[in-house]
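Participant: Compact mmCIF, N, CA and C atoms, saved as final-v4.txt, coming up:
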# COMPACT_ATOMS: atom_id res chain seq x y z
N MET C 875 4.99 9.58 -10.86
CA MET C 875 4.39 9.00 -9.67
C MET C 875 3.05 8.40 -10.04
N SER C 876 2.89 7.15 -9.77
CA SER C 876 1.64 6.50 -10.12
C SER C 876 0.61 6.68 -9.01
N ASP C 877 -0.64 6.71 -9.43
CA ASP C 877 -1.71 6.75 -8.45
C ASP C 877 -1.67 5.50 -7.58
N GLU C 878 -1.17 4.40 -8.14
CA GLU C 878 -1.09 3.15 -7.37
C GLU C 878 -0.15 3.29 -6.17
N ARG C 879 0.96 3.99 -6.35
CA ARG C 879 1.89 4.18 -5.22
C ARG C 879 1.25 5.03 -4.13
N LEU C 880 0.52 6.06 -4.51
CA LEU C 880 -0.19 6.87 -3.53
C LEU C 880 -1.25 6.05 -2.81
N SER C 881 -1.97 5.26 -3.57
CA SER C 881 -3.01 4.40 -3.00
C SER C 881 -2.41 3.38 -2.04
N GLN C 882 -1.29 2.79 -2.41
CA GLN C 882 -0.63 1.82 -1.53
C GLN C 882 -0.18 2.46 -0.22
N ALA C 883 0.32 3.69 -0.29
CA ALA C 883 0.73 4.40 0.93
C ALA C 883 -0.49 4.64 1.83
N CYS C 884 -1.62 5.01 1.23
CA CYS C 884 -2.85 5.20 2.01
C CYS C 884 -3.30 3.88 2.63
N ASP C 885 -3.16 2.78 1.91
CA ASP C 885 -3.53 1.47 2.45
C ASP C 885 -2.67 1.10 3.65
N VAL C 886 -1.37 1.41 3.58
CA VAL C 886 -0.46 1.13 4.70
C VAL C 886 -0.89 1.94 5.92
N VAL C 887 -1.19 3.22 5.72
CA VAL C 887 -1.61 4.08 6.82
C VAL C 887 -2.94 3.59 7.40
N ALA C 888 -3.90 3.25 6.56
CA ALA C 888 -5.21 2.78 7.04
C ALA C 888 -5.04 1.50 7.86
N ALA C 889 -4.21 0.58 7.41
CA ALA C 889 -3.99 -0.66 8.15
C ALA C 889 -3.31 -0.38 9.48
N TYR C 890 -2.35 0.52 9.49
CA TYR C 890 -1.66 0.91 10.73
C TYR C 890 -2.66 1.52 11.73
N LEU C 891 -3.49 2.44 11.25
CA LEU C 891 -4.47 3.08 12.13
C LEU C 891 -5.46 2.06 12.69
N GLU C 892 -5.90 1.15 11.83
CA GLU C 892 -6.85 0.13 12.28
C GLU C 892 -6.23 -0.71 13.40
N ARG C 893 -5.00 -1.16 13.23
CA ARG C 893 -4.34 -1.98 14.25
C ARG C 893 -4.06 -1.15 15.51
N SER C 894 -3.69 0.11 15.32
CA SER C 894 -3.38 0.98 16.47
C SER C 894 -4.59 1.20 17.36
N MET C 895 -5.77 1.24 16.75
CA MET C 895 -6.98 1.56 17.52
C MET C 895 -7.61 0.34 18.17
N VAL C 896 -7.12 -0.86 17.90
CA VAL C 896 -7.71 -2.06 18.51
C VAL C 896 -7.58 -2.01 20.04
N PRO C 897 -6.49 -1.75 20.70
CA PRO C 897 -5.14 -1.57 20.19
C PRO C 897 -4.41 -2.90 20.01
N ASP C 898 -3.63 -2.95 18.96
CA ASP C 898 -2.78 -4.10 18.64
C ASP C 898 -1.42 -3.55 18.22
N PRO C 899 -0.59 -3.14 19.19
CA PRO C 899 0.68 -2.52 18.83
C PRO C 899 1.60 -3.45 18.03
N GLU C 900 1.54 -4.75 18.29
CA GLU C 900 2.38 -5.66 17.51
C GLU C 900 1.93 -5.71 16.05
N GLY C 901 0.62 -5.72 15.83
CA GLY C 901 0.11 -5.68 14.47
C GLY C 901 0.43 -4.37 13.79
N ALA C 902 0.32 -3.26 14.53
CA ALA C 902 0.64 -1.94 13.97
C ALA C 902 2.11 -1.85 13.59
N ALA C 903 2.97 -2.51 14.38
CA ALA C 903 4.42 -2.45 14.14
C ALA C 903 4.80 -3.04 12.79
N LYS C 904 3.96 -3.88 12.21
CA LYS C 904 4.25 -4.48 10.90
C LYS C 904 4.24 -3.43 9.78
N PHE C 905 3.66 -2.26 10.07
CA PHE C 905 3.52 -1.23 9.05
C PHE C 905 4.50 -0.07 9.22
N VAL C 906 5.41 -0.19 10.20
CA VAL C 906 6.38 0.89 10.43
C VAL C 906 7.79 0.41 10.12
N ALA C 907 8.60 1.35 9.67
CA ALA C 907 9.99 1.07 9.34
C ALA C 907 10.84 1.00 10.61
N PRO C 908 11.94 0.27 10.56
CA PRO C 908 12.88 0.33 11.68
C PRO C 908 13.31 1.78 11.90
N GLY C 909 13.37 2.19 13.15
CA GLY C 909 13.76 3.56 13.47
C GLY C 909 12.66 4.58 13.26
N VAL C 910 11.40 4.13 13.19
CA VAL C 910 10.28 5.05 12.99
C VAL C 910 10.33 6.18 14.02
N LYS C 911 9.96 7.37 13.57
CA LYS C 911 9.88 8.54 14.46
C LYS C 911 8.41 8.91 14.61
N ILE C 912 7.91 8.80 15.84
CA ILE C 912 6.50 9.11 16.13
C ILE C 912 6.48 10.30 17.07
N THR C 913 5.80 11.36 16.66
CA THR C 913 5.68 12.56 17.49
C THR C 913 4.22 12.80 17.78
N PHE C 914 3.89 12.84 19.08
CA PHE C 914 2.52 13.12 19.51
C PHE C 914 2.39 14.59 19.87
N THR C 915 1.15 15.03 20.01
CA THR C 915 0.84 16.38 20.44
C THR C 915 1.69 16.74 21.66
N GLY C 916 2.21 17.94 21.67
CA GLY C 916 3.06 18.37 22.77
C GLY C 916 4.53 18.04 22.54
N GLY C 917 4.85 17.41 21.41
CA GLY C 917 6.22 17.09 21.10
C GLY C 917 6.73 15.80 21.71
N ARG C 918 5.83 14.97 22.25
CA ARG C 918 6.24 13.70 22.84
C ARG C 918 6.77 12.77 21.75
N GLN C 919 7.94 12.20 21.99
CA GLN C 919 8.60 11.36 21.00
C GLN C 919 8.49 9.88 21.38
N PHE C 920 8.17 9.07 20.39
CA PHE C 920 8.09 7.62 20.57
C PHE C 920 8.79 6.95 19.40
N THR C 921 9.15 5.67 19.60
CA THR C 921 9.86 4.94 18.55
C THR C 921 9.18 3.62 18.20
N ALA C 922 7.98 3.38 18.76
CA ALA C 922 7.28 2.13 18.47
C ALA C 922 5.80 2.27 18.81
N PRO C 923 4.94 1.56 18.08
CA PRO C 923 3.51 1.60 18.40
C PRO C 923 3.20 1.16 19.84
N ALA C 924 3.98 0.27 20.42
CA ALA C 924 3.74 -0.14 21.81
C ALA C 924 3.87 1.05 22.76
N GLU C 925 4.78 1.96 22.47
CA GLU C 925 4.94 3.14 23.32
C GLU C 925 3.74 4.07 23.22
N THR C 926 3.20 4.24 22.02
CA THR C 926 2.03 5.12 21.88
C THR C 926 0.80 4.49 22.51
N SER C 927 0.67 3.18 22.43
CA SER C 927 -0.45 2.49 23.08
C SER C 927 -0.37 2.67 24.59
N ALA C 928 0.84 2.58 25.15
CA ALA C 928 1.02 2.77 26.59
C ALA C 928 0.67 4.20 26.99
N PHE C 929 1.06 5.18 26.17
CA PHE C 929 0.71 6.58 26.45
C PHE C 929 -0.80 6.77 26.42
N ASN C 930 -1.44 6.25 25.37
CA ASN C 930 -2.90 6.39 25.26
C ASN C 930 -3.62 5.72 26.44
N ALA C 931 -3.09 4.63 26.95
CA ALA C 931 -3.71 3.93 28.08
C ALA C 931 -3.70 4.79 29.33
N LYS C 932 -2.76 5.72 29.43
CA LYS C 932 -2.72 6.64 30.59
C LYS C 932 -3.67 7.82 30.39
N ARG C 933 -3.82 8.28 29.16
CA ARG C 933 -4.63 9.47 28.88
C ARG C 933 -6.11 9.15 28.76
N TYR C 934 -6.45 7.95 28.28
CA TYR C 934 -7.84 7.59 28.02
C TYR C 934 -8.18 6.25 28.67
N ALA C 935 -9.45 6.09 29.08
CA ALA C 935 -9.92 4.75 29.46
C ALA C 935 -9.93 3.88 28.21
N TRP C 936 -10.36 4.49 27.11
CA TRP C 936 -10.27 3.88 25.78
C TRP C 936 -10.45 4.99 24.76
N VAL C 937 -9.91 4.77 23.56
CA VAL C 937 -10.01 5.78 22.51
C VAL C 937 -10.00 5.08 21.15
N LYS C 938 -10.78 5.63 20.23
CA LYS C 938 -10.84 5.13 18.85
C LYS C 938 -10.82 6.35 17.92
N LYS C 939 -10.46 6.08 16.66
CA LYS C 939 -10.49 7.13 15.65
C LYS C 939 -11.62 6.86 14.68
N ARG C 940 -12.32 7.93 14.34
CA ARG C 940 -13.32 7.88 13.27
C ARG C 940 -12.71 8.65 12.10
N PRO C 941 -12.00 7.91 11.21
CA PRO C 941 -11.33 8.60 10.11
C PRO C 941 -12.33 9.34 9.21
N GLY C 942 -11.88 10.47 8.73
CA GLY C 942 -12.67 11.27 7.79
C GLY C 942 -12.05 11.20 6.41
N ARG C 943 -11.06 12.04 6.19
CA ARG C 943 -10.42 12.12 4.88
C ARG C 943 -8.97 11.66 4.95
N MET C 944 -8.52 11.11 3.82
CA MET C 944 -7.12 10.75 3.68
C MET C 944 -6.64 11.23 2.32
N HIS C 945 -5.50 11.91 2.33
CA HIS C 945 -4.89 12.42 1.11
C HIS C 945 -3.42 12.02 1.09
N ALA C 946 -2.90 11.80 -0.10
CA ALA C 946 -1.49 11.45 -0.25
C ALA C 946 -0.86 12.34 -1.31
N ALA C 947 0.41 12.66 -1.10
CA ALA C 947 1.15 13.48 -2.06
C ALA C 947 2.60 13.04 -2.08
N LEU C 948 3.19 13.12 -3.24
CA LEU C 948 4.59 12.78 -3.43
C LEU C 948 5.46 13.95 -3.02
N ASP C 949 6.55 13.65 -2.31
CA ASP C 949 7.60 14.63 -2.08
C ASP C 949 8.62 14.44 -3.20
N PRO C 950 8.61 15.32 -4.20
CA PRO C 950 9.48 15.11 -5.35
C PRO C 950 10.97 15.20 -5.02
N ALA C 951 11.31 15.79 -3.89
CA ALA C 951 12.72 15.93 -3.52
C ALA C 951 13.35 14.59 -3.16
N ASN C 952 12.55 13.67 -2.56
CA ASN C 952 13.14 12.41 -2.11
C ASN C 952 12.30 11.16 -2.43
N GLY C 953 11.14 11.35 -3.01
CA GLY C 953 10.31 10.21 -3.38
C GLY C 953 9.41 9.68 -2.28
N ASP C 954 9.47 10.28 -1.10
CA ASP C 954 8.57 9.87 -0.02
C ASP C 954 7.13 10.20 -0.38
N VAL C 955 6.21 9.43 0.18
CA VAL C 955 4.79 9.75 0.05
C VAL C 955 4.33 10.28 1.40
N HIS C 956 3.74 11.46 1.39
CA HIS C 956 3.18 12.07 2.59
C HIS C 956 1.68 11.80 2.59
N VAL C 957 1.20 11.24 3.69
CA VAL C 957 -0.22 10.90 3.82
C VAL C 957 -0.79 11.72 4.96
N TYR C 958 -1.94 12.32 4.73
CA TYR C 958 -2.63 13.15 5.72
C TYR C 958 -3.98 12.50 6.01
N ASN C 959 -4.23 12.24 7.28
CA ASN C 959 -5.50 11.63 7.69
C ASN C 959 -6.14 12.51 8.74
N THR C 960 -7.39 12.91 8.50
CA THR C 960 -8.13 13.73 9.45
C THR C 960 -9.39 12.99 9.88
N GLY C 961 -9.88 13.35 11.03
CA GLY C 961 -11.11 12.74 11.53
C GLY C 961 -11.38 13.18 12.95
N HIS C 962 -12.06 12.32 13.69
CA HIS C 962 -12.43 12.62 15.08
C HIS C 962 -12.12 11.43 15.98
N LEU C 963 -11.68 11.76 17.19
CA LEU C 963 -11.51 10.75 18.23
C LEU C 963 -12.81 10.64 19.01
N TYR C 964 -13.08 9.45 19.51
CA TYR C 964 -14.16 9.24 20.46
C TYR C 964 -13.67 8.21 21.46
N GLY C 965 -14.25 8.24 22.65
CA GLY C 965 -13.81 7.30 23.67
C GLY C 965 -14.27 7.73 25.04
N ALA C 966 -13.43 7.45 26.03
CA ALA C 966 -13.74 7.83 27.41
C ALA C 966 -12.45 8.27 28.10
N TRP C 967 -12.59 9.28 28.95
CA TRP C 967 -11.47 9.74 29.77
C TRP C 967 -11.23 8.72 30.88
N PRO C 968 -10.15 8.83 31.60
CA PRO C 968 -9.85 7.85 32.66
C PRO C 968 -10.97 7.71 33.70
N ASP C 969 -11.76 8.77 33.92
CA ASP C 969 -12.86 8.69 34.90
C ASP C 969 -14.12 8.05 34.32
N GLY C 970 -14.06 7.63 33.05
CA GLY C 970 -15.19 6.98 32.41
C GLY C 970 -16.11 7.91 31.63
N THR C 971 -15.92 9.22 31.74
CA THR C 971 -16.73 10.18 31.00
C THR C 971 -16.44 10.02 29.50
N GLU C 972 -17.50 9.79 28.73
CA GLU C 972 -17.34 9.58 27.30
C GLU C 972 -17.19 10.91 26.56
N PHE C 973 -16.52 10.87 25.43
CA PHE C 973 -16.38 12.04 24.57
C PHE C 973 -16.49 11.60 23.12
N ASP C 974 -16.77 12.59 22.26
CA ASP C 974 -16.86 12.34 20.83
C ASP C 974 -16.61 13.67 20.13
N GLY C 975 -16.15 13.62 18.90
CA GLY C 975 -15.96 14.83 18.11
C GLY C 975 -14.63 15.53 18.34
N ASN C 976 -13.67 14.88 18.97
CA ASN C 976 -12.36 15.42 19.25
C ASN C 976 -11.54 15.36 17.95
N ARG C 977 -11.29 16.52 17.36
CA ARG C 977 -10.63 16.56 16.05
C ARG C 977 -9.20 16.04 16.12
N TYR C 978 -8.76 15.38 15.03
CA TYR C 978 -7.36 14.99 14.92
C TYR C 978 -6.90 15.14 13.48
N ILE C 979 -5.60 15.28 13.34
CA ILE C 979 -4.93 15.15 12.06
C ILE C 979 -3.62 14.41 12.32
N ASP C 980 -3.40 13.38 11.54
CA ASP C 980 -2.17 12.62 11.59
C ASP C 980 -1.47 12.78 10.25
N THR C 981 -0.18 13.01 10.29
CA THR C 981 0.60 13.07 9.06
C THR C 981 1.60 11.92 9.09
N PHE C 982 1.84 11.35 7.94
CA PHE C 982 2.72 10.20 7.82
C PHE C 982 3.69 10.41 6.67
N VAL C 983 4.89 9.90 6.84
CA VAL C 983 5.84 9.79 5.74
C VAL C 983 5.99 8.30 5.48
N VAL C 984 5.59 7.88 4.28
CA VAL C 984 5.71 6.49 3.89
C VAL C 984 6.89 6.38 2.93
N ARG C 985 7.82 5.53 3.33
CA ARG C 985 9.06 5.36 2.55
C ARG C 985 9.27 3.86 2.33
N ASP C 986 9.44 3.48 1.09
CA ASP C 986 9.66 2.06 0.75
C ASP C 986 8.55 1.17 1.31
N GLY C 987 7.31 1.68 1.29
CA GLY C 987 6.15 0.89 1.68
C GLY C 987 5.90 0.80 3.17
N LEU C 988 6.68 1.51 3.99
CA LEU C 988 6.49 1.49 5.45
C LEU C 988 6.45 2.91 6.00
N ILE C 989 5.82 3.07 7.14
CA ILE C 989 5.73 4.38 7.79
C ILE C 989 7.08 4.67 8.45
N ALA C 990 7.73 5.74 8.00
CA ALA C 990 9.02 6.13 8.55
C ALA C 990 8.88 7.22 9.62
N GLU C 991 7.84 8.04 9.48
CA GLU C 991 7.58 9.12 10.43
C GLU C 991 6.09 9.35 10.52
N THR C 992 5.65 9.77 11.70
CA THR C 992 4.27 10.21 11.85
C THR C 992 4.21 11.30 12.92
N GLN C 993 3.29 12.22 12.71
CA GLN C 993 3.02 13.26 13.69
C GLN C 993 1.52 13.24 13.95
N VAL C 994 1.17 13.33 15.22
CA VAL C 994 -0.21 13.19 15.67
C VAL C 994 -0.62 14.46 16.41
N TRP C 995 -1.69 15.10 15.94
CA TRP C 995 -2.27 16.26 16.63
C TRP C 995 -3.74 15.99 16.89
N ASN C 996 -4.21 16.42 18.08
CA ASN C 996 -5.65 16.34 18.38
C ASN C 996 -6.01 17.39 19.42
N ASP C 997 -7.31 17.48 19.69
CA ASP C 997 -7.82 18.48 20.62
C ASP C 997 -7.83 18.01 22.07
N SER C 998 -7.29 16.83 22.38
CA SER C 998 -7.41 16.29 23.73
C SER C 998 -6.90 17.23 24.80
N ALA C 999 -5.76 17.85 24.59
CA ALA C 999 -5.23 18.76 25.62
C ALA C 999 -6.19 19.92 25.87
N GLU C 1000 -6.75 20.48 24.80
CA GLU C 1000 -7.72 21.57 24.95
C GLU C 1000 -8.95 21.10 25.71
N TRP C 1001 -9.41 19.89 25.38
CA TRP C 1001 -10.59 19.36 26.06
C TRP C 1001 -10.30 19.13 27.54
N LEU C 1002 -9.10 18.65 27.85
CA LEU C 1002 -8.74 18.43 29.25
C LEU C 1002 -8.62 19.75 30.00
N LEU C 1003 -8.08 20.78 29.35
CA LEU C 1003 -8.03 22.11 29.97
C LEU C 1003 -9.45 22.62 30.25
N ASP C 1004 -10.34 22.42 29.30
CA ASP C 1004 -11.73 22.86 29.48
C ASP C 1004 -12.38 22.13 30.65
N ARG C 1005 -12.17 20.82 30.74
CA ARG C 1005 -12.73 20.02 31.85
C ARG C 1005 -12.20 20.49 33.20
N ALA C 1006 -10.96 20.99 33.22
CA ALA C 1006 -10.34 21.46 34.46
C ALA C 1006 -10.67 22.92 34.76
N GLY C 1007 -11.48 23.56 33.88
CA GLY C 1007 -11.82 24.96 34.08
C GLY C 1007 -10.69 25.92 33.73
N LEU C 1008 -9.74 25.48 32.92
CA LEU C 1008 -8.56 26.30 32.60
C LEU C 1008 -8.57 26.83 31.17
N ALA C 1009 -9.62 26.57 30.41
CA ALA C 1009 -9.67 27.03 29.03
C ALA C 1009 -9.84 28.55 28.99
N GLU C 1010 -9.10 29.18 28.10
CA GLU C 1010 -9.18 30.65 27.99
C GLU C 1010 -10.43 31.12 27.26
N ALA C 1011 -11.04 30.23 26.48
CA ALA C 1011 -12.24 30.56 25.73
C ALA C 1011 -13.08 29.30 25.59
N PRO C 1012 -14.37 29.45 25.39
CA PRO C 1012 -15.20 28.26 25.25
C PRO C 1012 -14.84 27.44 24.01
N LEU C 1013 -14.99 26.15 24.13
CA LEU C 1013 -14.74 25.27 22.99
C LEU C 1013 -15.96 25.22 22.10
Mind turning the file's structure into structure tokens?
Facilitator:
Amino acid sequence: MSDERLSQACDVVAAYLERSMVPDPEGAAKFVAPGVKITFTGGRQFTAPAETSAFNAKRYAWVKKRPGRMHAALDPANGDVHVYNTGHLYGAWPDGTEFDGNRYIDTFVVRDGLIAETQVWNDSAEWLLDRAGLAEAPL
């Protein structure tokens, strides 16, 4: 496995994230494979960047990612490259209240130069529970 292949997978993910956060779902779609599997926090399933943009438009007035670290590793069983991206979300809730520091981790499977699968986790649900007075412990 060459470092170049790992680097290329990271470049694909970075370009996808950049387009996703504009949001530019059509531009983001250029980096995903046909039949992409996108799983958001809570197990929500999507099959296209346009669907995730529509979901985010309901949850946030606007949202952006502040990427932190990105790591890539080869899956020797099938040759896929797994890319892990961590960082923080910032933006505003639907009522306009701004937020920052909302942790996220996205995992990607890059196959043949395109994103075949991604899973998205973040603290938004916990933050929303806290805002509603339903958090079991302080954040």
Participant: Nearest to Pro923 of chain C among C:Ala907, C:Asp980, C:Arg943, C:Ala902, with distances taken over all atoms listed in the file: which residue is it?
Facilitator: C:Ala902
Participant: In terms of the shortest atom-to-atom distance over all atoms listed in the file, which of C:Ala935, C:Ala922, C:Ala888, C:Ile979 is closest to Gln993 of chain C?
Facilitator: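 Checking each of C:Ala935, C:Ala922, C:Ala888, C:Ile979 against Gln993 of chain C, counting all atoms listed in the file, the winner is C:Ile979.
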Participant: Hey, which of C:Ala883, C:Leu1002, C:Leu891, C:Ala903 ends up closest to Val983 of chain C? Count all atoms listed in the file.
Facilitator: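 Ranking C:Ala883, C:Leu1002, C:Leu891, C:Ala903 by distance to Val983 of chain C, first place goes to C:Ala883.
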Participant: Which one of C:Arg879, C:His945, C:Arg1005, C:Lys939 sits closest to Ser894 of chain C if you count only C-alpha atoms?
Facilitator: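 Smallest distance to Ser894 of chain C is found for C:Lys939.
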Participant: May I have the residues within 6.5 Å of Arg977 of chain C as a list in words, using only N, CA and C atoms and disregarding those fewer than 6 positions away in the same chain?
Facilitator: Gly961, His962, Leu963, Trp995, Asn996, Asp997 and Ser998 of chain C
Participant: Once DSSP has gone over the backbone, tell me which residues of segment 952-1011 of chain C are in alpha helix (DSSP H), as a VMD selection string.
Facilitator: chain C and resid 998 to 1005
Participant: Env of segment 951-954 of chain C: 7 Å cut, atoms = all atoms listed in the file, seq-sep filter 6 positions within chain, self excluded. Answer as number ranges by chain.
Facilitator: C: 983-986
Participant: Could you save those same residues with N, CA and C atoms as an mmCIF file, in the frame of the given file?
Facilitator:
data_model
loop_
_atom_site.group_PDB
_atom_site.id
_atom_site.type_symbol
_atom_site.label_atom_id
_atom_site.label_comp_id
_atom_site.auth_asym_id
_atom_site.auth_seq_id
_atom_site.Cartn_x
_atom_site.Cartn_y
_atom_site.Cartn_z
ATOM 1 N N VAL C 983 4.890 9.900 6.840
ATOM 2 C CA VAL C 983 5.840 9.790 5.740
ATOM 3 C C VAL C 983 5.990 8.300 5.480
ATOM 4 N N VAL C 984 5.590 7.880 4.280
ATOM 5 C CA VAL C 984 5.710 6.490 3.890
ATOM 6 C C VAL C 984 6.890 6.380 2.930
ATOM 7 N N ARG C 985 7.820 5.530 3.330
ATOM 8 C CA ARG C 985 9.060 5.360 2.550
ATOM 9 C C ARG C 985 9.270 3.860 2.330
ATOM 10 N N ASP C 986 9.440 3.480 1.090
ATOM 11 C CA ASP C 986 9.660 2.060 0.750
ATOM 12 C C ASP C 986 8.550 1.170 1.310
#
Participant: Tell me, in Å to one decimal, how far atom N of Tyr890 of chain C is from atom N of Asn930 of chain C.
Facilitator: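 About the pair atom N of Tyr890 of chain C and atom N of Asn930 of chain C: they are 16.9 Å apart.
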Participant: Just how far from atom C of Thr913 of chain C is atom C of Val994 of chain C, in Å to one decimal?
Facilitator: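 Calculated distance between atom C of Val994 of chain C and atom C of Thr913 of chain C is 5.3 Å.
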Participant: How far is it from atom CA of Val955 of chain C to atom C of Glu892 of chain C, in Å with one decimal?
Facilitator: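 It comes out at 20.2 Å.
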Participant: So which residues touch Pro968 of chain C within 6.5 Å, counting all atoms listed in the file, skipping near sequence neighbours fewer than 6 positions away, as number ranges by chain?
Facilitator: C: 933-936
Participant: Counting only C-alpha atoms, which of C:Thr971, C:Thr992, C:Thr981, C:Gln882 gets nearest to Val937 of chain C?
Facilitator: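 Ranked by minimum distance to Val937 of chain C, first place goes to C:Thr971.
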Participant: Which of chain C end up as strand (DSSP E) when DSSP is run on this backbone - answer as a PyMOL selection string?
Facilitator: chain C and resi 906-914+918-920+936-948+955-966+972-985+988-996
Participant: Between C:Gly909, C:Thr926, C:Trp1001, C:Ala946, which is the closest to Ser881 of chain C once you count only N, CA and C atoms?
Facilitator: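 Among the listed residues, the smallest separation from Ser881 of chain C belongs to C:Ala946.
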